[in-house]
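As provided, model.txt (compact mmCIF, C-alpha atoms) reads as follows.
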# COMPACT_ATOMS: atom_id res chain seq x y z
CA MET A 1 103.90 19.59 271.98
CA SER A 2 106.41 19.47 269.09
CA GLN A 3 108.19 16.31 267.97
CA HIS A 4 111.45 17.88 269.22
CA SER A 5 109.91 18.37 272.69
CA ASP A 6 108.61 14.77 272.71
CA ASP A 7 112.07 13.45 271.80
CA ARG A 8 113.69 15.61 274.48
CA HIS A 9 111.22 14.40 277.12
CA SER A 10 111.75 10.76 276.10
CA ASP A 11 115.53 11.11 276.22
CA ALA A 12 115.33 12.71 279.68
CA ALA A 13 113.12 9.90 280.96
CA PHE A 14 115.59 7.24 279.83
CA ARG A 15 118.53 9.20 281.25
CA VAL A 16 116.72 9.15 284.59
CA ALA A 17 116.14 5.41 284.21
CA PHE A 18 119.81 4.67 283.46
CA SER A 19 120.88 6.73 286.48
CA HIS A 20 119.15 4.08 288.63
CA VAL A 21 121.41 1.33 287.25
CA THR A 22 124.44 0.53 289.41
CA GLY A 23 127.61 0.52 287.31
CA ILE A 24 126.43 2.87 284.56
CA GLY A 25 128.25 6.16 285.00
CA PRO A 26 129.35 8.87 282.54
CA ALA A 27 131.70 6.66 280.49
CA ARG A 28 129.32 3.73 280.03
CA LEU A 29 126.33 5.96 279.29
CA ASN A 30 128.40 7.73 276.63
CA ALA A 31 129.30 4.33 275.15
CA LEU A 32 125.61 3.37 274.97
CA GLU A 33 124.74 6.69 273.30
CA ARG A 34 127.44 6.17 270.68
CA PHE A 35 126.40 2.58 269.91
CA PHE A 36 122.61 2.84 269.87
CA GLU A 37 120.39 5.23 267.94
CA ASP A 38 118.99 6.64 271.18
CA LEU A 39 118.71 5.80 274.88
CA GLU A 40 115.28 4.21 274.45
CA GLU A 41 116.81 1.63 272.12
CA ALA A 42 119.67 1.10 274.59
CA TRP A 43 117.20 0.57 277.45
CA GLY A 44 115.43 -2.21 275.55
CA ALA A 45 118.52 -3.84 274.03
CA ASP A 46 119.25 -7.56 274.45
CA ARG A 47 122.37 -8.98 276.07
CA SER A 48 124.34 -9.36 272.86
CA GLY A 49 123.69 -5.74 271.87
CA LEU A 50 124.68 -4.50 275.32
CA ARG A 51 127.90 -6.56 275.19
CA GLU A 52 128.74 -5.09 271.78
CA ALA A 53 128.15 -1.62 273.25
CA GLY A 54 130.84 -2.36 275.85
CA LEU A 55 128.93 -3.37 278.99
CA ASP A 56 130.35 -6.19 281.10
CA GLN A 57 128.27 -9.09 282.38
CA ARG A 58 127.75 -7.67 285.85
CA THR A 59 126.49 -4.31 284.54
CA ILE A 60 124.18 -6.07 282.08
CA GLU A 61 122.69 -8.06 284.96
CA GLU A 62 122.22 -4.86 286.98
CA LEU A 63 120.44 -3.27 284.01
CA GLU A 64 118.16 -6.26 283.56
CA THR A 65 117.27 -6.22 287.27
CA THR A 66 116.45 -2.50 287.13
CA ARG A 67 114.41 -2.86 283.92
CA ALA A 68 112.24 -5.49 285.59
CA THR A 69 111.07 -3.09 288.30
CA LEU A 70 111.41 0.44 286.91
CA ASP A 71 109.32 2.16 284.25
CA PRO A 72 111.25 5.14 282.78
CA GLN A 73 108.19 7.34 282.25
CA GLU A 74 106.86 6.67 285.75
CA ALA A 75 110.27 7.40 287.31
CA TYR A 76 110.50 10.65 285.37
CA LEU A 77 106.98 11.72 286.39
CA ARG A 78 107.69 10.84 290.04
CA MET A 79 110.83 12.99 289.91
CA GLN A 80 108.91 15.97 288.51
CA GLU A 81 106.16 15.61 291.11
CA SER A 82 108.87 15.76 293.79
CA GLY A 83 109.91 19.22 292.58
CA VAL A 84 113.18 17.94 291.12
CA SER A 85 114.48 18.59 287.61
CA ALA A 86 117.13 16.63 285.72
CA LEU A 87 119.66 18.40 283.50
CA SER A 88 121.88 16.78 280.88
CA PRO A 89 125.04 18.50 279.60
CA ASP A 90 123.10 19.54 276.48
CA ASP A 91 120.60 21.57 278.51
CA PRO A 92 121.28 25.33 278.52
CA GLU A 93 120.63 25.41 282.27
CA TYR A 94 123.42 22.86 282.94
CA PRO A 95 126.28 24.71 284.71
CA ARG A 96 128.82 25.78 282.08
CA ARG A 97 131.90 25.08 284.20
CA LEU A 98 130.68 21.63 285.17
CA ARG A 99 130.18 20.81 281.49
CA GLU A 100 133.88 21.50 280.92
CA ILE A 101 135.31 18.87 283.31
CA ALA A 102 136.58 15.48 282.11
CA ASP A 103 133.62 13.49 283.44
CA PRO A 104 130.58 15.76 283.90
CA PRO A 105 127.53 14.05 285.43
CA PRO A 106 125.39 12.68 282.57
CA LEU A 107 122.43 13.82 284.63
CA LEU A 108 122.42 16.55 287.27
CA TYR A 109 119.42 16.49 289.60
CA VAL A 110 118.38 19.93 290.84
CA ARG A 111 115.99 20.99 293.58
CA GLY A 112 115.61 24.75 293.66
CA ALA A 113 117.06 26.98 290.96
CA LEU A 114 120.44 27.60 289.37
CA MET A 115 121.12 31.21 288.36
CA ASP A 116 123.44 33.08 286.01
CA ARG A 117 125.19 34.63 289.00
CA ASP A 118 126.37 31.13 290.00
CA GLU A 119 129.08 31.61 287.36
CA TRP A 120 130.77 33.53 290.22
CA SER A 121 130.91 30.80 292.84
CA LEU A 122 133.42 29.50 295.35
CA ALA A 123 133.59 26.16 297.16
CA ILE A 124 134.30 26.34 300.90
CA VAL A 125 135.20 22.96 302.39
CA GLY A 126 136.95 21.44 305.37
CA THR A 127 136.88 19.11 308.33
CA ARG A 128 133.73 17.68 309.86
CA ARG A 129 135.21 18.40 313.31
CA PRO A 130 136.41 22.00 313.26
CA THR A 131 138.18 23.57 316.19
CA PRO A 132 137.03 26.94 317.58
CA TYR A 133 139.70 28.48 315.34
CA GLY A 134 138.30 26.70 312.27
CA ILE A 135 134.75 27.76 313.11
CA GLN A 136 135.77 31.40 313.50
CA VAL A 137 137.84 31.44 310.31
CA THR A 138 135.09 29.77 308.29
CA ARG A 139 132.43 32.17 309.56
CA THR A 140 134.54 35.28 308.97
CA LEU A 141 135.70 34.43 305.45
CA THR A 142 132.34 33.02 304.34
CA ALA A 143 130.52 36.17 305.49
CA GLU A 144 132.91 38.45 303.59
CA LEU A 145 132.90 36.35 300.42
CA ALA A 146 129.11 35.97 300.45
CA ASN A 147 128.74 39.72 300.99
CA ALA A 148 130.98 40.27 297.94
CA GLY A 149 128.31 38.44 295.93
CA LEU A 150 129.94 35.05 295.40
CA THR A 151 127.67 32.02 295.45
CA ILE A 152 129.00 29.76 298.22
CA VAL A 153 129.06 26.06 297.33
CA SER A 154 129.67 23.20 299.74
CA GLY A 155 128.62 19.64 300.53
CA LEU A 156 126.03 20.02 303.34
CA ALA A 157 128.26 17.85 305.58
CA ARG A 158 128.82 18.35 309.28
CA GLY A 159 131.47 20.86 310.31
CA VAL A 160 132.93 23.38 307.86
CA ASP A 161 130.39 22.62 305.10
CA GLY A 162 127.41 23.28 307.32
CA ILE A 163 129.00 26.40 308.80
CA ALA A 164 129.63 27.80 305.30
CA HIS A 165 126.00 27.25 304.27
CA GLU A 166 124.61 28.62 307.54
CA THR A 167 126.80 31.72 307.54
CA THR A 168 125.88 32.53 303.93
CA LEU A 169 122.18 32.33 304.81
CA GLU A 170 122.67 34.50 307.90
CA HIS A 171 124.17 37.21 305.71
CA GLY A 172 121.50 37.02 303.02
CA GLY A 173 123.84 35.41 300.49
CA ARG A 174 123.28 32.68 297.95
CA THR A 175 124.41 29.12 298.61
CA VAL A 176 124.26 25.79 296.75
CA ALA A 177 124.73 22.34 298.30
CA VAL A 178 125.99 19.30 296.40
CA VAL A 179 125.03 16.02 298.08
CA ALA A 180 126.03 12.35 297.76
CA SER A 181 122.52 10.90 297.87
CA GLY A 182 119.14 11.33 296.23
CA LEU A 183 117.62 14.76 296.79
CA ASP A 184 114.81 13.19 298.82
CA ARG A 185 117.31 11.95 301.42
CA VAL A 186 119.09 14.72 303.31
CA TYR A 187 122.34 13.61 304.95
CA PRO A 188 123.23 14.12 307.73
CA PRO A 189 119.65 14.03 309.08
CA GLU A 190 120.25 17.00 311.39
CA HIS A 191 120.78 19.19 308.32
CA LYS A 192 117.21 18.81 307.02
CA GLY A 193 116.41 22.26 308.38
CA LEU A 194 119.53 23.69 306.76
CA ALA A 195 118.59 22.13 303.41
CA SER A 196 115.12 23.68 303.68
CA GLY A 197 116.70 27.04 304.51
CA ILE A 198 118.87 26.87 301.40
CA LEU A 199 115.82 26.23 299.23
CA ASP A 200 113.69 28.87 300.99
CA SER A 201 116.43 31.45 300.34
CA GLY A 202 116.36 30.75 296.60
CA GLY A 203 119.40 28.46 296.60
CA ALA A 204 119.66 24.93 295.25
CA LEU A 205 120.47 21.34 296.13
CA LEU A 206 122.34 19.28 293.52
CA SER A 207 123.12 15.59 293.07
CA GLU A 208 124.00 13.15 290.31
CA TYR A 209 122.12 10.39 292.11
CA PRO A 210 118.41 9.61 291.53
CA LEU A 211 115.65 9.87 294.11
CA GLY A 212 115.77 7.12 296.68
CA THR A 213 119.58 6.77 296.65
CA ARG A 214 121.02 6.41 300.14
CA PRO A 215 124.33 8.10 300.97
CA ASP A 216 127.30 5.81 300.47
CA ALA A 217 131.01 6.28 301.25
CA ARG A 218 131.85 5.55 297.59
CA PHE A 219 129.73 8.51 296.44
CA PHE A 220 131.50 11.28 298.36
CA PRO A 221 134.65 11.52 296.19
CA ARG A 222 132.38 11.66 293.13
CA ARG A 223 130.31 14.37 294.83
CA ASN A 224 133.48 16.36 295.56
CA ARG A 225 134.46 16.56 291.87
CA ILE A 226 131.14 18.34 291.24
CA ILE A 227 131.78 20.81 294.06
CA ALA A 228 135.17 21.64 292.55
CA GLY A 229 133.98 21.58 288.95
CA ILE A 230 131.02 23.91 289.34
CA THR A 231 133.05 26.70 290.98
CA LEU A 232 135.83 29.18 290.18
CA GLY A 233 137.94 27.79 293.01
CA THR A 234 138.03 25.89 296.30
CA LEU A 235 138.88 27.34 299.73
CA VAL A 236 140.00 25.00 302.52
CA THR A 237 139.53 26.68 305.89
CA GLU A 238 140.54 23.78 308.18
CA ALA A 239 141.25 20.15 307.30
CA GLY A 240 143.20 17.21 308.65
CA GLU A 241 145.86 15.34 306.69
CA LYS A 242 143.66 12.38 305.74
CA SER A 243 140.43 14.08 304.84
CA GLY A 244 137.70 13.98 302.22
CA THR A 245 138.67 17.59 301.60
CA TRP A 246 141.68 16.27 299.70
CA HIS A 247 139.35 14.76 297.10
CA THR A 248 137.94 18.21 296.45
CA VAL A 249 141.40 19.82 296.33
CA THR A 250 142.79 17.23 293.89
CA SER A 251 139.65 17.51 291.74
CA ALA A 252 140.02 21.29 291.63
CA LEU A 253 143.68 20.97 290.60
CA ASP A 254 142.85 18.35 287.94
CA GLN A 255 140.13 20.61 286.57
CA GLY A 256 142.37 23.68 286.42
CA ARG A 257 140.50 25.50 289.18
CA GLU A 258 142.06 27.74 291.80
CA VAL A 259 142.83 26.37 295.28
CA PHE A 260 143.10 28.42 298.47
CA ALA A 261 143.94 27.43 302.04
CA VAL A 262 143.90 29.11 305.44
CA PRO A 263 147.04 28.40 307.50
CA GLY A 264 146.52 27.01 310.98
CA PRO A 265 148.57 26.24 314.09
CA ILE A 266 151.38 23.79 313.36
CA THR A 267 150.45 21.93 316.55
CA SER A 268 146.88 21.29 315.38
CA GLU A 269 146.11 18.03 313.55
CA GLN A 270 143.00 19.71 312.14
CA SER A 271 145.16 22.18 310.25
CA THR A 272 147.62 19.67 308.79
CA GLY A 273 145.74 19.32 305.51
CA ALA A 274 145.33 23.05 304.91
CA ASN A 275 148.97 23.72 305.86
CA ASN A 276 150.12 21.00 303.44
CA VAL A 277 148.19 22.61 300.59
CA ILE A 278 150.25 25.76 301.19
CA LYS A 279 153.55 23.99 301.93
CA ARG A 280 153.38 21.92 298.74
CA GLY A 281 152.52 24.95 296.62
CA LEU A 282 149.13 23.53 295.65
CA GLY A 283 147.15 26.60 296.66
CA LYS A 284 147.37 30.22 297.69
CA LEU A 285 147.66 31.19 301.36
CA VAL A 286 144.57 33.11 302.51
CA THR A 287 144.26 35.35 305.55
CA VAL A 288 141.55 37.74 304.32
CA ALA A 289 138.71 37.49 301.79
CA ASP A 290 140.47 39.91 299.42
CA ASP A 291 143.18 37.27 298.89
CA VAL A 292 140.52 35.13 297.19
CA LEU A 293 138.75 37.95 295.34
CA GLU A 294 141.97 39.35 293.91
CA GLU A 295 143.23 35.97 292.74
CA LEU A 296 139.89 35.22 291.05
CA ASN A 297 139.96 38.71 289.56
CA VAL A 298 136.45 39.55 290.73
CA GLY A 299 135.12 42.56 292.58
CA PRO A 300 131.76 42.81 294.32
CA ILE A 301 129.39 40.94 292.01
CA GLU A 302 126.39 43.12 292.76
CA ARG A 303 128.39 46.24 291.88
CA GLN A 304 129.38 44.73 288.55
CA ALA A 305 125.72 44.02 287.83
CA GLU A 306 124.81 47.64 288.63
CA LEU A 307 127.47 48.87 286.20
CA ALA A 308 126.21 46.53 283.50
CA GLU A 309 122.72 47.99 283.89
CA GLN A 310 124.11 51.50 283.36
CA LEU A 311 126.01 50.49 280.23
CA PRO A 312 123.27 50.84 277.56
CA GLU A 313 123.48 54.63 277.99
CA ASP A 314 126.53 54.46 275.70
CA PRO A 315 125.61 52.50 272.54
CA THR A 316 129.24 51.83 271.55
CA GLU A 317 130.11 50.36 274.95
CA ALA A 318 126.92 48.31 274.97
CA ALA A 319 127.63 46.94 271.48
CA LEU A 320 131.19 46.04 272.46
CA LEU A 321 130.20 44.31 275.68
CA GLU A 322 127.70 42.16 273.78
CA ARG A 323 130.56 40.88 271.62
CA ILE A 324 133.16 40.36 274.36
CA GLY A 325 133.07 36.98 276.05
CA HIS A 326 135.42 35.08 278.36
CA GLU A 327 137.72 34.18 275.45
CA PRO A 328 140.38 36.80 274.54
CA ILE A 329 139.52 39.06 271.60
CA HIS A 330 141.65 41.76 269.91
CA VAL A 331 140.57 45.36 269.43
CA ASP A 332 141.11 45.04 265.66
CA GLU A 333 138.57 42.22 265.45
CA LEU A 334 136.04 44.17 267.50
CA SER A 335 136.52 47.19 265.23
CA ARG A 336 135.78 45.04 262.19
CA MET A 337 132.64 43.69 263.85
CA LEU A 338 131.34 47.19 264.59
CA GLN A 339 132.75 48.70 261.38
CA GLN A 340 134.32 51.61 263.21
CA PRO A 341 137.86 53.06 263.59
CA VAL A 342 140.24 51.23 265.92
CA GLN A 343 140.80 54.45 267.92
CA GLU A 344 137.10 54.67 268.83
CA THR A 345 137.01 51.02 269.84
CA ALA A 346 140.16 51.35 271.97
CA ALA A 347 138.74 54.40 273.77
CA ALA A 348 135.50 52.59 274.59
CA MET A 349 137.45 49.53 275.76
CA ALA A 350 139.47 51.68 278.14
CA THR A 351 136.21 52.96 279.66
CA LEU A 352 134.83 49.43 280.03
CA GLU A 353 138.05 48.37 281.78
CA LEU A 354 137.79 51.30 284.21
CA LYS A 355 134.23 50.22 285.02
CA GLY A 356 135.55 46.77 285.94
CA LEU A 357 133.57 44.95 283.24
CA ILE A 358 136.50 43.70 281.13
CA HIS A 359 140.19 43.14 281.69
CA GLN A 360 143.26 43.20 279.46
CA LEU A 361 144.97 39.86 278.82
CA GLY A 362 147.60 41.05 276.36
CA PRO A 363 148.44 43.93 274.01
CA MET A 364 145.06 45.28 272.84
CA THR A 365 143.43 41.96 273.81
CA TYR A 366 140.53 41.80 276.25
CA ALA A 367 138.02 39.44 277.85
CA ARG A 368 134.98 39.72 280.10
CA ARG A 369 135.63 39.65 283.82
When written as structure tokens, how does the structure in this file appear?
Amino acid sequence: MSQHSDDRHSDAAFRVAFSHVTGIGPARLNALERFFEDLEEAWGADRSGLREAGLDQRTIEELETTRATLDPQEAYLRMQESGVSALSPDDPEYPRRLREIADPPPLLYVRGALMDRDEWSLAIVGTRRPTPYGIQVTRTLTAELANAGLTIVSGLARGVDGIAHETTLEHGGRTVAVVASGLDRVYPPEHKGLASGILDSGGALLSEYPLGTRPDARFFPRRNRIIAGITLGTLVTEAGEKSGTWHTVTSALDQGREVFAVPGPITSEQSTGANNVIKRGLGKLVTVADDVLEELNVGPIERQAELAEQLPEDPTEAALLERIGHEPIHVDELSRMLQQPVQETAAAMATLELKGLIHQLGPMTYARR
């Protein structure tokens, strides 16, 4: 094993160790990383060093208590033996969109596998006590969106969350659950079978909390920011006025993500939250799945993948697509990259746009869909 690999393993082990310390979240871990040479030095630091790094007395005491009973290397090995991996924002596998939010989890625990196609994902959330209307709406929209190829993300909770996961599995789609506990503690207990089904289907369970962490009311708003942050947008199918769903909606808005809501009967308390999203102009009204797909500017994901596989038949198109990302780029710049006339580049770009692989953002300016 190379020295770089040893350093990476050591850093991961100490990240896991710090995630066990109550009071050390993203901001304080960042402060420790800035002050000390590495996390191993931070883990072994004395009280005066920890105070200089910005920790308060209570957090220092929590760290000292954890250090007395937890060995970082043993905790890391136990995590690996449980089939769980831990990703830091520097890891290439760490979800790109989650890395972009204001306070990304310093460590994301993963059971199962994250995939490139999860770039096209949608959160579906709502009340834990859906009405027959809410159940029907959630099932119908989830089925259509999953069939379009979107990865469906939710929180494994009772009600709308569970229905979204279950419906996606029933239709052979891909789903990811973000939980507010350690990945060895499924909550609610009756969703253990559902969690297993998600993993058996090739999906994933995610958490920012280490193994052994019990669910806690304080963790759910933090969990909801991950649900919003990892996805293109959030769809509320049915939610009351005072609901945990609001945490997800406000997180999505803060993070610049799209918000969607299904209108419900004005006489139903369970639709008050979703109706307020629409009434206050916080999200787009949704009655069919195409309302979501059109707003996100995505077509059927599987069809886009098929078109991408056909692309290498034209070397110019293939070369262009390799150089076009999600940031806008002008035809002139692409022509310079390929050292070819602008007219040839523009013609190839028009073909790529017809195939649904790129879209025009301004005069002669394009980006990947």
inquiry  = Please list as a PyMOL selection string every residue within 12 Å of Glu333 (chain A), counting all atoms listed in the file and excluding residues in the same chain fewer than 4 positions away.
reply    = chain A and resi 320+323-324+328-329+337-342+345-346+364-366
Please enclose the listed atoms of region 73-92 of chain A in an axis-aligned box, pad each side by 6 Å, and write out the centre and the three edge lengths in Å, rounded to one decimal, as AutoDock Vina command-line options.
--center_x 115.6 --center_y 16.0 --center_z 285.1 --size_x 30.9 --size_y 30.7 --size_z 29.3
message = Please list, as number ranges by chain, the residues that have an atom at most 10 Å away from (138.5, 17.7, 290.5) in the coordinates of this file, counting all atoms listed in the file.
response = A: 101-103, 221-230, 246-257
Export C-alpha atoms of the chosen residues as an mmCIF file, in the frame of the given file?
data_model
loop_
_atom_site.group_PDB
_atom_site.id
_atom_site.type_symbol
_atom_site.label_atom_id
_atom_site.label_comp_id
_atom_site.auth_asym_id
_atom_site.auth_seq_id
_atom_site.Cartn_x
_atom_site.Cartn_y
_atom_site.Cartn_z
ATOM 1 C CA ILE A 101 135.310 18.870 283.310
ATOM 2 C CA ALA A 102 136.580 15.480 282.110
ATOM 3 C CA ASP A 103 133.620 13.490 283.440
ATOM 4 C CA PRO A 221 134.650 11.520 296.190
ATOM 5 C CA ARG A 222 132.380 11.660 293.130
ATOM 6 C CA ARG A 223 130.310 14.370 294.830
ATOM 7 C CA ASN A 224 133.480 16.360 295.560
ATOM 8 C CA ARG A 225 134.460 16.560 291.870
ATOM 9 C CA ILE A 226 131.140 18.340 291.240
ATOM 10 C CA ILE A 227 131.780 20.810 294.060
ATOM 11 C CA ALA A 228 135.170 21.640 292.550
ATOM 12 C CA GLY A 229 133.980 21.580 288.950
ATOM 13 C CA ILE A 230 131.020 23.910 289.340
ATOM 14 C CA TRP A 246 141.680 16.270 299.700
ATOM 15 C CA HIS A 247 139.350 14.760 297.100
ATOM 16 C CA THR A 248 137.940 18.210 296.450
ATOM 17 C CA VAL A 249 141.400 19.820 296.330
ATOM 18 C CA THR A 250 142.790 17.230 293.890
ATOM 19 C CA SER A 251 139.650 17.510 291.740
ATOM 20 C CA ALA A 252 140.020 21.290 291.630
ATOM 21 C CA LEU A 253 143.680 20.970 290.600
ATOM 22 C CA ASP A 254 142.850 18.350 287.940
ATOM 23 C CA GLN A 255 140.130 20.610 286.570
ATOM 24 C CA GLY A 256 142.370 23.680 286.420
ATOM 25 C CA ARG A 257 140.500 25.500 289.180
#
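Straight-line separation from CA of Pro215 (chain A) to CA of Val125 (chain A): 18.5 Å.
Minimum atom-to-atom distances from A:Val16, A:Leu114, A:Leu50, A:Val277 to Ala75 (chain A) were compared using all atoms listed in the file, and the lowest value belongs to A:Val16.
With only C-alpha atoms as the atoms that count, the residue of A:Thr131, A:Gln73, A:Ser243, A:Gln57 with the shortest distance to Glu40 (chain A) is A:Gln73.
Picture a line from CA of Glu238 (chain A) to CA of Ala146 (chain A); it runs 18.4 Å.
Residues in contact with region 175-179 of chain A at up to 7 Å, not including ones fewer than 3 positions away on its chain and judged by only C-alpha atoms, are A:Thr151, A:Ile152, A:Val153, A:Ser154, A:Gly155, A:Leu156, A:His165, A:Thr168, A:Ile198, A:Gly203, A:Ala204, A:Leu205, A:Leu206, A:Ser207, A:Arg223, A:Ile227.
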Any chance you could export the current selection's C-alpha atoms as a compact mmCIF listing (two decimals), in the coordinates of the input?
# COMPACT_ATOMS: atom_id res chain seq x y z
CA THR A 151 127.67 32.02 295.45
CA ILE A 152 129.00 29.76 298.22
CA VAL A 153 129.06 26.06 297.33
CA SER A 154 129.67 23.20 299.74
CA GLY A 155 128.62 19.64 300.53
CA LEU A 156 126.03 20.02 303.34
CA HIS A 165 126.00 27.25 304.27
CA THR A 168 125.88 32.53 303.93
CA ILE A 198 118.87 26.87 301.40
CA GLY A 203 119.40 28.46 296.60
CA ALA A 204 119.66 24.93 295.25
CA LEU A 205 120.47 21.34 296.13
CA LEU A 206 122.34 19.28 293.52
CA SER A 207 123.12 15.59 293.07
CA ARG A 223 130.31 14.37 294.83
CA ILE A 227 131.78 20.81 294.06
task = Skip region 17-20 of chain A itself and residues of its chain fewer than 3 positions away, then list as JSON, numbers by chain all residues within 7 Å of it, counting only C-alpha atoms.
result = {"A": [13, 14, 24, 72, 75, 209, 210]}
